[in-house]
Amino acid sequence: MSGAAADGKGPFPEEGQWPVLVLGGSGYVAGEMLRLIAAHPRLELAGAISTSQAGEQIAATFPHLAPAYPRQCFVTLEAAIERLGAAERSVLLSAAPHGASAEIVAQMLDAAESAGVTLTVVDASADFRFADPEAYAAVYGHPHAAPERLADFTCALPEHLKSVETPHAAHPGCFATSMLLGIVPLVATGLVDGEFYVSAVTGSTGAGRTPRDTTHHPLRHNNLFAYQALKHRHSPEVRALTEAATGRPIGLHFAPHSGPFARGIYASIFARHTGGLTTADAIEALAEFYRDAAFVRVLEDPPRMKDIVATNYAAISAAVDGDTVVVHSTVDNLVKGAAGGSIQWTNRLLGLPEHLGLTAPTAGWL
Ligand SMILES: NC(=O)c1ccc[n+]([C@@H]2O[C@H](COP(=O)([O-])OP(=O)(O)OC[C@H]3O[C@@H](n4cnc5c(N)ncnc54)[C@H](OP(=O)(O)O)[C@@H]3O)[C@@H](O)[C@H]2O)c1
């Protein structure tokens, strides 16, 4: 590999490092991707692509990242495409909005193919979550921009797929991540066969960096409200991904809520179990299902969100009373639900240990 350094100093990429381009540069998920790349022992930022901040310092948008990126600036898509040729194999992490991501990803894959280099893509947007372009169009209300590329992507939680056959991956959404972590083991082990009812609360970063009424501080702080009850677009995604992971269809009834905090999701997932289940059995079944999963902690007691926030860890637990089982599942929406999950996929697609660069604990008393 050869080429100019991304920050103008020294060879790029450094020996043994994988160059990574980040799309959606100044967004919240991209900011977390940049933070995780800076701490990753084998990934090196090749360019943070921005439609609005190209030429501006990364640290001006993300002051908390200044120690990691003291001089680097956001780049244009054109500059990033030029940089593709500098390495035999690069990674593209997309944190662009759905609808925009697929077109740019396809453009960059075309450019990599023309340059004779390999580009491995992990998309955190919704654009490669449905295998069927019609299913995507039905949920998102516009045709898919790159249907010819869909077959090259697998969408799943890494914990729910032993091996991946496609060159690229898509990460499920943040609410979907919290739900799938509880639902898939119950269905896969036959403990639940039917309908799930979910109430979940998300922090304001789930809506991205553009301010809205639902994220504006005076309206959000010390407040709690439901929205899009039984109509949220993650419901069809969770149904499809559960069926893909277990071979069994489920019913899902989901009420999302906006909570008075910036990051994290807490989901309570209710179902009728198939019989003879105790709380201890349910927790044991979850623990066994996630025995080899580095990032899923199965707890005896209900998890607390602040124990996992800003990390790639999920925490889950279960309780049973009569014929009802509830699983509590908490993740950080920006990390396990997007940027961290994308790096987990990147590690796997590159043949690196899946946990690499992702095991830092959170700070206490955030
Ligand atoms: N927030 C979450 O918790 C979360 C969780 C899971 C998945 N996701 C998904 O991750 C993606 C990013 O989410 P986010 O919360 O980071 O959103 P965000 O804060 O709104 O950031 C998205 C960024 O994408 C760039 N962008 C905007 N329009 C674009 C276009 N037409 N073409 C290319 N880039 C464009 C903008 O950055 P520049 O101006 O720098 O280009 C924007 O800041 C979305 O697809 C979202 O659904 C988000």
# chains A, B, ... in the order shown; residues from 1 in each chain; ligands from 1
$ closest_atom_pairs --of "chain A" --to "ligand 1" --cutoff "7 Å" --atoms "only C-alpha atoms and all ligand atoms" --output "tab-separated table"
residue	atom	partner	partner_atom_place_in_ligand_line	distance
A:Leu23	CA	ligand 1	34 (N)	6.6
A:Gly24	CA	ligand 1	24 (O)	3.5
A:Gly25	CA	ligand 1	40 (O)	4.0
A:Ser26	CA	ligand 1	40 (O)	3.6
A:Gly27	CA	ligand 1	21 (O)	3.1
A:Tyr28	CA	ligand 1	16 (O)	3.7
A:Val29	CA	ligand 1	16 (O)	3.7
A:Ala30	CA	ligand 1	16 (O)	5.7
A:Ile49	CA	ligand 1	41 (O)	6.4
A:Ser50	CA	ligand 1	41 (O)	3.5
A:Thr51	CA	ligand 1	41 (O)	3.6
A:Ser52	CA	ligand 1	39 (O)	3.8
A:Gln53	CA	ligand 1	40 (O)	5.5
A:Ala95	CA	ligand 1	11 (C)	4.1
A:Ala96	CA	ligand 1	24 (O)	4.0
A:Pro97	CA	ligand 1	45 (O)	3.6
A:His98	CA	ligand 1	45 (O)	4.5
A:Ala100	CA	ligand 1	32 (N)	4.9
A:Ser101	CA	ligand 1	33 (C)	6.5
A:Ala124	CA	ligand 1	10 (O)	5.0
A:Ser125	CA	ligand 1	45 (O)	3.4
A:Ala126	CA	ligand 1	45 (O)	5.9
A:Gly173	CA	ligand 1	6 (C)	4.5
A:Cys174	CA	ligand 1	6 (C)	4.4
A:Thr205	CA	ligand 1	1 (N)	5.2
A:Gly206	CA	ligand 1	3 (O)	3.4
A:Ala207	CA	ligand 1	1 (N)	5.3
A:Gly208	CA	ligand 1	15 (O)	3.2
A:Arg209	CA	ligand 1	19 (O)	3.7
A:Thr210	CA	ligand 1	20 (O)	5.6
A:Asn333	CA	ligand 1	3 (O)	4.4
A:Leu334	CA	ligand 1	3 (O)	4.5
A:Gly337	CA	ligand 1	6 (C)	5.2
A:Ala338	CA	ligand 1	6 (C)	4.3
$ select_by_dssp --residues "region 51-276 of chain A" --states "alpha helix (DSSP H)" --output "PyMOL selection string"
chain A and resi 58-61+77-84+101-115+133-140+174-188+217-220+234-246
$ residues_around --residues "Ala200 (chain A)" --least-positions-apart "2" --cutoff "12 Å" --atoms "only C-alpha atoms" --output "PyMOL selection string"
chain A and resi 174-179+197-198+202-203+224-230+232+234+253-259+264-270+327-331+333
$ write_last_selection --atoms "C-alpha atoms" --output "PDB file, in the first residue's frame"
ATOM      1  CA  CYS A 174     -30.904   1.445  16.993  1.00  0.00           C
ATOM      2  CA  PHE A 175     -34.401   0.566  18.270  1.00  0.00           C
ATOM      3  CA  ALA A 176     -34.202  -2.592  16.148  1.00  0.00           C
ATOM      4  CA  THR A 177     -30.901  -3.537  17.811  1.00  0.00           C
ATOM      5  CA  SER A 178     -32.404  -3.275  21.293  1.00  0.00           C
ATOM      6  CA  MET A 179     -35.447  -5.331  20.267  1.00  0.00           C
ATOM      7  CA  TYR A 197     -45.272  -6.139  22.561  1.00  0.00           C
ATOM      8  CA  VAL A 198     -42.496  -3.572  23.018  1.00  0.00           C
ATOM      9  CA  THR A 202     -34.719   6.580  23.309  1.00  0.00           C
ATOM     10  CA  GLY A 203     -32.468   9.561  23.944  1.00  0.00           C
ATOM     11  CA  LEU A 224     -41.426  11.692  28.272  1.00  0.00           C
ATOM     12  CA  PHE A 225     -43.760  11.013  25.367  1.00  0.00           C
ATOM     13  CA  ALA A 226     -44.708   8.304  22.897  1.00  0.00           C
ATOM     14  CA  TYR A 227     -44.593   8.835  19.138  1.00  0.00           C
ATOM     15  CA  GLN A 228     -45.438   6.819  16.014  1.00  0.00           C
ATOM     16  CA  ALA A 229     -47.061   4.180  18.257  1.00  0.00           C
ATOM     17  CA  LEU A 230     -47.556   0.899  16.342  1.00  0.00           C
ATOM     18  CA  HIS A 232     -42.592   3.017  13.604  1.00  0.00           C
ATOM     19  CA  HIS A 234     -38.309  -0.312  12.698  1.00  0.00           C
ATOM     20  CA  HIS A 253     -46.448  -4.239  18.332  1.00  0.00           C
ATOM     21  CA  PHE A 254     -44.055  -1.414  19.157  1.00  0.00           C
ATOM     22  CA  ALA A 255     -44.552   1.916  20.928  1.00  0.00           C
ATOM     23  CA  PRO A 256     -41.400   4.113  20.883  1.00  0.00           C
ATOM     24  CA  HIS A 257     -40.934   6.943  23.394  1.00  0.00           C
ATOM     25  CA  SER A 258     -38.722  10.022  23.566  1.00  0.00           C
ATOM     26  CA  GLY A 259     -36.870  10.194  26.878  1.00  0.00           C
ATOM     27  CA  GLY A 264     -29.251   5.281  25.112  1.00  0.00           C
ATOM     28  CA  ILE A 265     -32.303   3.088  24.489  1.00  0.00           C
ATOM     29  CA  TYR A 266     -34.200   1.043  27.058  1.00  0.00           C
ATOM     30  CA  ALA A 267     -36.631  -1.527  25.676  1.00  0.00           C
ATOM     31  CA  SER A 268     -39.134  -3.683  27.591  1.00  0.00           C
ATOM     32  CA  ILE A 269     -40.243  -6.591  25.409  1.00  0.00           C
ATOM     33  CA  PHE A 270     -43.330  -8.571  26.486  1.00  0.00           C
ATOM     34  CA  VAL A 327     -36.999  -8.999  28.476  1.00  0.00           C
ATOM     35  CA  HIS A 328     -35.371  -5.688  29.340  1.00  0.00           C
ATOM     36  CA  SER A 329     -32.721  -4.699  26.806  1.00  0.00           C
ATOM     37  CA  THR A 330     -30.556  -1.590  26.832  1.00  0.00           C
ATOM     38  CA  VAL A 331     -27.997  -0.327  24.291  1.00  0.00           C
ATOM     39  CA  ASN A 333     -28.191   4.038  20.199  1.00  0.00           C
TER      40      ASN A 333
END
$ residues_around --residues "Ala68 (chain A)" --least-positions-apart "5" --cutoff "9 Å" --atoms "only C-alpha atoms" --output "mmCIF file with N, CA and C atoms, in the first residue's frame"
data_model
loop_
_atom_site.group_PDB
_atom_site.id
_atom_site.type_symbol
_atom_site.label_atom_id
_atom_site.label_comp_id
_atom_site.auth_asym_id
_atom_site.auth_seq_id
_atom_site.Cartn_x
_atom_site.Cartn_y
_atom_site.Cartn_z
ATOM 1 N N LEU A 34 -15.886 8.287 14.113
ATOM 2 C CA LEU A 34 -14.558 8.916 14.165
ATOM 3 C C LEU A 34 -13.902 8.666 15.525
ATOM 4 N N ARG A 35 -14.684 8.745 16.592
ATOM 5 C CA ARG A 35 -14.140 8.504 17.943
ATOM 6 C C ARG A 35 -13.636 7.062 18.053
ATOM 7 N N ALA A 38 -10.450 6.379 16.037
ATOM 8 C CA ALA A 38 -9.253 6.944 16.685
ATOM 9 C C ALA A 38 -8.698 6.006 17.752
ATOM 10 N N ALA A 39 -9.586 5.219 18.384
ATOM 11 C CA ALA A 39 -9.146 4.329 19.458
ATOM 12 C C ALA A 39 -8.856 2.911 18.960
ATOM 13 N N ALA A 59 -12.283 18.987 14.264
ATOM 14 C CA ALA A 59 -12.366 19.398 15.674
ATOM 15 C C ALA A 59 -13.282 20.610 15.876
#
$ atom_distance --atom1 "CA of Ala151 (chain A)" --atom2 "CA of Gly31 (chain A)"
28.4 Å
$ atom_distance --atom1 "CA of Asp321 (chain A)" --atom2 "CA of Glu284 (chain A)"
15.8 Å
$ closest_residue --among "A:Phe128, A:Phe261, A:Tyr69, A:Tyr136" --to "Ile37 (chain A)" --atoms "only C-alpha atoms"
A:Tyr69
$ residues_around --residues "Val91 (chain A)" --least-positions-apart "2" --cutoff "8 Å" --atoms "only C-alpha atoms" --output "PyMOL selection string"
chain A and resi 18-21+89+93+119-122+346
$ write_last_selection --atoms "C-alpha atoms" --output "tab-separated table (two decimals), in the first residue's frame"
chain	number	residue	atom	x	y	z
A	18	TRP	CA	-6.79	-0.35	7.29
A	19	PRO	CA	-7.79	3.03	5.83
A	20	VAL	CA	-11.39	4.01	6.60
A	21	LEU	CA	-13.61	6.60	4.93
A	89	ARG	CA	-8.20	-2.25	0.30
A	93	LEU	CA	-18.58	3.40	6.86
A	119	LEU	CA	-13.79	-1.36	-0.83
A	120	THR	CA	-15.56	-3.00	2.11
A	121	VAL	CA	-18.77	-1.17	3.08
A	122	VAL	CA	-20.70	-1.15	6.34
A	346	THR	CA	-15.93	-4.09	9.97
$ residues_around --residues "Ala115 (chain A)" --least-positions-apart "3" --cutoff "10 Å" --atoms "only C-alpha atoms" --output "count of residues only"
11
$ select_by_dssp --residues "region 80-200 of chain A" --states "strand (DSSP E or B)" --output "number ranges by chain"
A: 89-94, 118-123, 153-155, 168-170, 192-200
$ closest_residue --among "A:Pro63, A:Glu148, A:Leu358, A:Arg71" --to "Val105 (chain A)" --atoms "only C-alpha atoms"
A:Glu148
$ residues_around --residues "Arg220 (chain A)" --least-positions-apart "2" --cutoff "8 Å" --atoms "only C-alpha atoms" --output "NGL selection string"
:A and (204 or 214-218 or 222-224 or 258-260)
$ atom_distance --atom1 "CA of Ala271 (chain A)" --atom2 "CA of Leu241 (chain A)"
17.8 Å
$ closest_residue --among "A:Ser317, A:Gln107, A:Thr242, A:Ser94" --to "Leu157 (chain A)" --atoms "only C-alpha atoms"
A:Thr242
